[in-house]
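What follows is the content of protein-v2.cif, which has mmCIF, C-alpha atoms:
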data_entry
loop_
_atom_site.group_PDB
_atom_site.id
_atom_site.type_symbol
_atom_site.label_atom_id
_atom_site.label_comp_id
_atom_site.auth_asym_id
_atom_site.auth_seq_id
_atom_site.Cartn_x
_atom_site.Cartn_y
_atom_site.Cartn_z
ATOM 1 C CA MET O 101 9.962 1.297 19.477
ATOM 2 C CA SER O 102 10.118 -2.241 18.094
ATOM 3 C CA ILE O 103 7.285 -3.808 16.118
ATOM 4 C CA ARG O 104 6.765 -6.304 18.934
ATOM 5 C CA CYS O 105 6.263 -3.516 21.495
ATOM 6 C CA THR O 106 3.969 -1.678 19.111
ATOM 7 C CA VAL O 107 1.808 -4.777 18.597
ATOM 8 C CA GLU O 108 1.711 -5.532 22.317
ATOM 9 C CA SER O 109 0.710 -1.978 23.161
ATOM 10 C CA ALA O 110 -1.954 -1.792 20.457
ATOM 11 C CA PHE O 111 -3.362 -5.160 21.518
ATOM 12 C CA PHE O 112 -3.467 -4.109 25.177
ATOM 13 C CA ILE O 113 -5.245 -0.852 24.318
ATOM 14 C CA ALA O 114 -7.850 -2.624 22.172
ATOM 15 C CA TRP O 115 -8.370 -5.478 24.628
ATOM 16 C CA SER O 116 -8.707 -3.130 27.610
ATOM 17 C CA CYS O 117 -11.210 -0.917 25.828
ATOM 18 C CA LEU O 118 -13.375 -3.847 24.761
ATOM 19 C CA GLU O 119 -13.112 -5.510 28.155
ATOM 20 C CA GLN O 120 -14.124 -2.365 30.031
ATOM 21 C CA SER O 121 -17.093 -1.869 27.747
ATOM 22 C CA GLY O 122 -18.210 -5.479 28.247
ATOM 23 C CA GLU O 123 -17.967 -6.264 24.549
ATOM 24 C CA LEU O 124 -15.442 -9.109 24.618
ATOM 25 C CA GLY O 125 -16.671 -12.503 23.545
ATOM 26 C CA PRO O 126 -14.778 -15.782 23.869
ATOM 27 C CA PRO O 127 -11.159 -14.913 24.808
ATOM 28 C CA ASP O 128 -9.375 -17.016 22.158
ATOM 29 C CA GLU O 129 -11.570 -15.833 19.316
ATOM 30 C CA SER O 130 -11.441 -12.229 20.536
ATOM 31 C CA ALA O 131 -7.646 -12.266 20.720
ATOM 32 C CA ASN O 132 -7.391 -13.749 17.224
ATOM 33 C CA VAL O 133 -9.686 -11.131 15.705
ATOM 34 C CA ILE O 134 -7.772 -8.282 17.352
ATOM 35 C CA LEU O 135 -4.365 -9.674 16.365
ATOM 36 C CA ASP O 136 -5.489 -10.374 12.793
ATOM 37 C CA ALA O 137 -6.677 -6.782 12.455
ATOM 38 C CA ILE O 138 -3.397 -5.424 13.816
ATOM 39 C CA GLU O 139 -1.356 -7.717 11.569
ATOM 40 C CA GLY O 140 -3.319 -6.639 8.510
ATOM 41 C CA GLN O 141 -2.617 -2.989 9.251
ATOM 42 C CA LEU O 142 1.077 -3.673 9.826
ATOM 43 C CA ARG O 143 1.249 -5.171 6.333
ATOM 44 C CA THR O 144 0.025 -1.856 4.920
ATOM 45 C CA GLY O 145 2.722 0.037 6.808
ATOM 46 C CA GLU O 146 0.709 1.375 9.730
ATOM 47 C CA ARG O 147 2.827 1.712 12.881
ATOM 48 C CA ARG O 148 0.873 4.131 15.100
ATOM 49 C CA GLN O 149 -0.309 2.311 18.226
ATOM 50 C CA LEU O 150 -3.578 4.167 18.620
ATOM 51 C CA MET O 151 -4.479 3.767 14.974
ATOM 52 C CA LEU O 152 -3.722 0.041 15.180
ATOM 53 C CA ALA O 153 -5.799 -0.264 18.340
ATOM 54 C CA ASN O 154 -8.748 1.784 17.070
ATOM 55 C CA LYS O 155 -8.987 -0.096 13.788
ATOM 56 C CA ALA O 156 -8.671 -3.412 15.654
ATOM 57 C CA ILE O 157 -11.568 -2.353 17.891
ATOM 58 C CA ASP O 158 -13.640 -1.477 14.823
ATOM 59 C CA ALA O 159 -12.785 -4.826 13.222
ATOM 60 C CA TYR O 160 -13.676 -6.659 16.420
ATOM 61 C CA ARG O 161 -17.014 -4.889 16.693
ATOM 62 C CA ALA O 162 -17.844 -5.766 13.079
ATOM 63 C CA HIS O 163 -16.872 -9.391 13.722
ATOM 64 C CA ALA O 164 -18.883 -9.480 16.956
ATOM 65 C CA ALA O 165 -21.976 -8.114 15.234
ATOM 66 C CA LEU O 166 -21.885 -11.069 12.837
ATOM 67 C CA HIS O 167 -21.200 -13.692 15.503
ATOM 68 C CA ARG O 168 -22.990 -12.446 18.632
ATOM 69 C CA SER O 169 -26.005 -14.721 18.187
ATOM 70 C CA SER O 170 -23.831 -17.848 18.090
ATOM 71 C CA TRP O 171 -21.935 -16.659 21.209
ATOM 72 C CA ASN O 172 -25.262 -16.203 23.008
ATOM 73 C CA ARG O 173 -26.382 -19.706 21.992
ATOM 74 C CA GLU O 174 -23.136 -21.202 23.275
ATOM 75 C CA ALA O 175 -23.495 -19.364 26.568
ATOM 76 C CA ARG O 176 -27.071 -20.647 27.034
ATOM 77 C CA PHE O 177 -26.450 -24.251 26.024
ATOM 78 C CA GLY O 178 -22.805 -24.524 27.153
#
Could the structure of this file be written out as structure tokens, please?
Amino acid sequence: MSIRCTVESAFFIAWSCLEQSGELGPPDESANVILDAIEGQLRTGERRQLMLANKAIDAYRAHAALHRSSWNREARFG
């Protein structure tokens, strides 16, 4: 499987999981966090889709915990 397919699959797995759980924040920021996490793992040699996806989910959750209050403010004040 090509790197592109691996990244696409890992991204889809992570995005779907976070979307189904209701944890996704702003789409652009969410996508960037997930892709950055996947890219960082690829640099270390990781190629397993589920590992890429799971670590991206963990990274997203850590990012969301730091930024959730600002997302809530934006949603209230638009």
Query raised in the report: Pick from O:Arg147, O:Asp136, O:Glu108, O:Leu124: nearest to Ala165 of chain O, with all atoms listed in the file counted?
Result: O:Leu124
Query - Residue members of the PyMOL selection byres ((chain O and resi 129) around 12) in the file shown, as a list in words - result: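 Checking the PyMOL selection byres ((chain O and resi 129) around 12) against this file, the residues are Leu124, Gly125, Pro126, Pro127, Asp128, Ser130, Ala131, Asn132, Val133, Ile134, Leu135, Asp136, Tyr160, His163, Ala164, His167, Arg168 and Trp171 of chain O.
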Report task. Tell me, as number ranges by chain, which residues lie within 8 Å of Val107 of chain O, counting all atoms listed in the file; anything in the same chain fewer than 4 positions away does not count. Result -> O: 103, 111, 138, 149
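Atom CA of Ile157 of chain O to atom CA of Leu118 of chain O spans 7.3 Å [interatomic distance, one decimal].
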Report task. State, in Å with one decimal place, the distance from atom CA of Asp158 of chain O to atom CA of Ala114 of chain O. Result ->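 About the pair atom CA of Asp158 of chain O and atom CA of Ala114 of chain O: they are 9.4 Å apart.
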Query raised in the report: Applied to this file, what does the PyMOL selection byres ((chain O and resi 142) around 12) return in terms of residues, put as a PyMOL selection string?
Result: chain O and resi 103-104+106-107+110+135-141+143-149+151-153+155-156
Query - One-decimal distance in Å that lies between atom CA of Glu123 of chain O and atom CA of Leu150 of chain O - result: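 Separation of atom CA of Leu150 of chain O and atom CA of Glu123 of chain O: 18.7 Å.
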Could you write segment 126-159 of chain O as an mmCIF file, in the coordinates of the input, with N, CA and C atoms rebuilt where they are missing?
data_model
loop_
_atom_site.group_PDB
_atom_site.id
_atom_site.type_symbol
_atom_site.label_atom_id
_atom_site.label_comp_id
_atom_site.auth_asym_id
_atom_site.auth_seq_id
_atom_site.Cartn_x
_atom_site.Cartn_y
_atom_site.Cartn_z
ATOM 1 N N PRO O 126 -15.706 -14.735 23.459
ATOM 2 C CA PRO O 126 -14.778 -15.782 23.869
ATOM 3 C C PRO O 126 -13.325 -15.288 23.752
ATOM 4 N N PRO O 127 -12.516 -15.491 24.789
ATOM 5 C CA PRO O 127 -11.159 -14.913 24.808
ATOM 6 C C PRO O 127 -10.277 -15.308 23.627
ATOM 7 N N ASP O 128 -10.249 -16.590 23.258
ATOM 8 C CA ASP O 128 -9.375 -17.016 22.158
ATOM 9 C C ASP O 128 -9.783 -16.380 20.838
ATOM 10 N N GLU O 129 -11.072 -16.415 20.562
ATOM 11 C CA GLU O 129 -11.570 -15.833 19.316
ATOM 12 C C GLU O 129 -11.366 -14.318 19.298
ATOM 13 N N SER O 130 -11.617 -13.682 20.433
ATOM 14 C CA SER O 130 -11.441 -12.229 20.536
ATOM 15 C C SER O 130 -9.988 -11.841 20.275
ATOM 16 N N ALA O 131 -9.073 -12.558 20.903
ATOM 17 C CA ALA O 131 -7.646 -12.266 20.720
ATOM 18 C C ALA O 131 -7.237 -12.445 19.266
ATOM 19 N N ASN O 132 -7.738 -13.503 18.629
ATOM 20 C CA ASN O 132 -7.391 -13.749 17.224
ATOM 21 C C ASN O 132 -7.899 -12.644 16.309
ATOM 22 N N VAL O 133 -9.116 -12.192 16.537
ATOM 23 C CA VAL O 133 -9.686 -11.131 15.705
ATOM 24 C C VAL O 133 -8.871 -9.850 15.861
ATOM 25 N N ILE O 134 -8.544 -9.496 17.095
ATOM 26 C CA ILE O 134 -7.772 -8.282 17.352
ATOM 27 C C ILE O 134 -6.389 -8.382 16.717
ATOM 28 N N LEU O 135 -5.709 -9.509 16.929
ATOM 29 C CA LEU O 135 -4.365 -9.674 16.365
ATOM 30 C C LEU O 135 -4.378 -9.702 14.843
ATOM 31 N N ASP O 136 -5.382 -10.347 14.258
ATOM 32 C CA ASP O 136 -5.489 -10.374 12.793
ATOM 33 C C ASP O 136 -5.657 -8.964 12.234
ATOM 34 N N ALA O 137 -6.464 -8.157 12.910
ATOM 35 C CA ALA O 137 -6.677 -6.782 12.455
ATOM 36 C C ALA O 137 -5.389 -5.970 12.557
ATOM 37 N N ILE O 138 -4.665 -6.147 13.647
ATOM 38 C CA ILE O 138 -3.397 -5.424 13.816
ATOM 39 C C ILE O 138 -2.392 -5.875 12.765
ATOM 40 N N GLU O 139 -2.294 -7.184 12.559
ATOM 41 C CA GLU O 139 -1.356 -7.717 11.569
ATOM 42 C C GLU O 139 -1.661 -7.194 10.164
ATOM 43 N N GLY O 140 -2.933 -7.150 9.821
ATOM 44 C CA GLY O 140 -3.319 -6.639 8.510
ATOM 45 C C GLY O 140 -2.901 -5.194 8.308
ATOM 46 N N GLN O 141 -3.025 -4.393 9.342
ATOM 47 C CA GLN O 141 -2.617 -2.989 9.251
ATOM 48 C C GLN O 141 -1.098 -2.855 9.156
ATOM 49 N N LEU O 142 -0.388 -3.717 9.889
ATOM 50 C CA LEU O 142 1.077 -3.673 9.826
ATOM 51 C C LEU O 142 1.565 -3.948 8.408
ATOM 52 N N ARG O 143 0.870 -4.848 7.721
ATOM 53 C CA ARG O 143 1.249 -5.171 6.333
ATOM 54 C C ARG O 143 1.111 -3.963 5.409
ATOM 55 N N THR O 144 0.211 -3.051 5.752
ATOM 56 C CA THR O 144 0.025 -1.856 4.920
ATOM 57 C C THR O 144 0.961 -0.727 5.324
ATOM 58 N N GLY O 145 1.749 -0.966 6.396
ATOM 59 C CA GLY O 145 2.722 0.037 6.808
ATOM 60 C C GLY O 145 2.330 0.859 8.016
ATOM 61 N N GLU O 146 1.141 0.611 8.558
ATOM 62 C CA GLU O 146 0.709 1.375 9.730
ATOM 63 C C GLU O 146 1.542 0.980 10.941
ATOM 64 N N ARG O 147 2.014 1.981 11.695
ATOM 65 C CA ARG O 147 2.827 1.712 12.881
ATOM 66 C C ARG O 147 2.363 2.494 14.109
ATOM 67 N N ARG O 148 1.355 3.334 13.968
ATOM 68 C CA ARG O 148 0.873 4.131 15.100
ATOM 69 C C ARG O 148 0.000 3.263 16.001
ATOM 70 N N GLN O 149 0.380 3.183 17.277
ATOM 71 C CA GLN O 149 -0.309 2.311 18.226
ATOM 72 C C GLN O 149 -1.801 2.594 18.319
ATOM 73 N N LEU O 150 -2.162 3.843 18.468
ATOM 74 C CA LEU O 150 -3.578 4.167 18.620
ATOM 75 C C LEU O 150 -4.386 3.873 17.366
ATOM 76 N N MET O 151 -3.789 4.099 16.217
ATOM 77 C CA MET O 151 -4.479 3.767 14.974
ATOM 78 C C MET O 151 -4.664 2.255 14.862
ATOM 79 N N LEU O 152 -3.620 1.501 15.196
ATOM 80 C CA LEU O 152 -3.722 0.041 15.180
ATOM 81 C C LEU O 152 -4.812 -0.429 16.135
ATOM 82 N N ALA O 153 -4.814 0.133 17.335
ATOM 83 C CA ALA O 153 -5.799 -0.264 18.340
ATOM 84 C C ALA O 153 -7.217 0.113 17.915
ATOM 85 N N ASN O 154 -7.407 1.329 17.451
ATOM 86 C CA ASN O 154 -8.748 1.784 17.070
ATOM 87 C C ASN O 154 -9.321 0.979 15.913
ATOM 88 N N LYS O 155 -8.501 0.696 14.930
ATOM 89 C CA LYS O 155 -8.987 -0.096 13.788
ATOM 90 C C LYS O 155 -9.237 -1.543 14.209
ATOM 91 N N ALA O 156 -8.439 -2.057 15.146
ATOM 92 C CA ALA O 156 -8.671 -3.412 15.654
ATOM 93 C C ALA O 156 -9.992 -3.460 16.419
ATOM 94 N N ILE O 157 -10.289 -2.429 17.180
ATOM 95 C CA ILE O 157 -11.568 -2.353 17.891
ATOM 96 C C ILE O 157 -12.721 -2.331 16.893
ATOM 97 N N ASP O 158 -12.597 -1.529 15.853
ATOM 98 C CA ASP O 158 -13.640 -1.477 14.823
ATOM 99 C C ASP O 158 -13.824 -2.843 14.162
ATOM 100 N N ALA O 159 -12.715 -3.503 13.850
ATOM 101 C CA ALA O 159 -12.785 -4.826 13.222
ATOM 102 C C ALA O 159 -13.427 -5.830 14.162
#
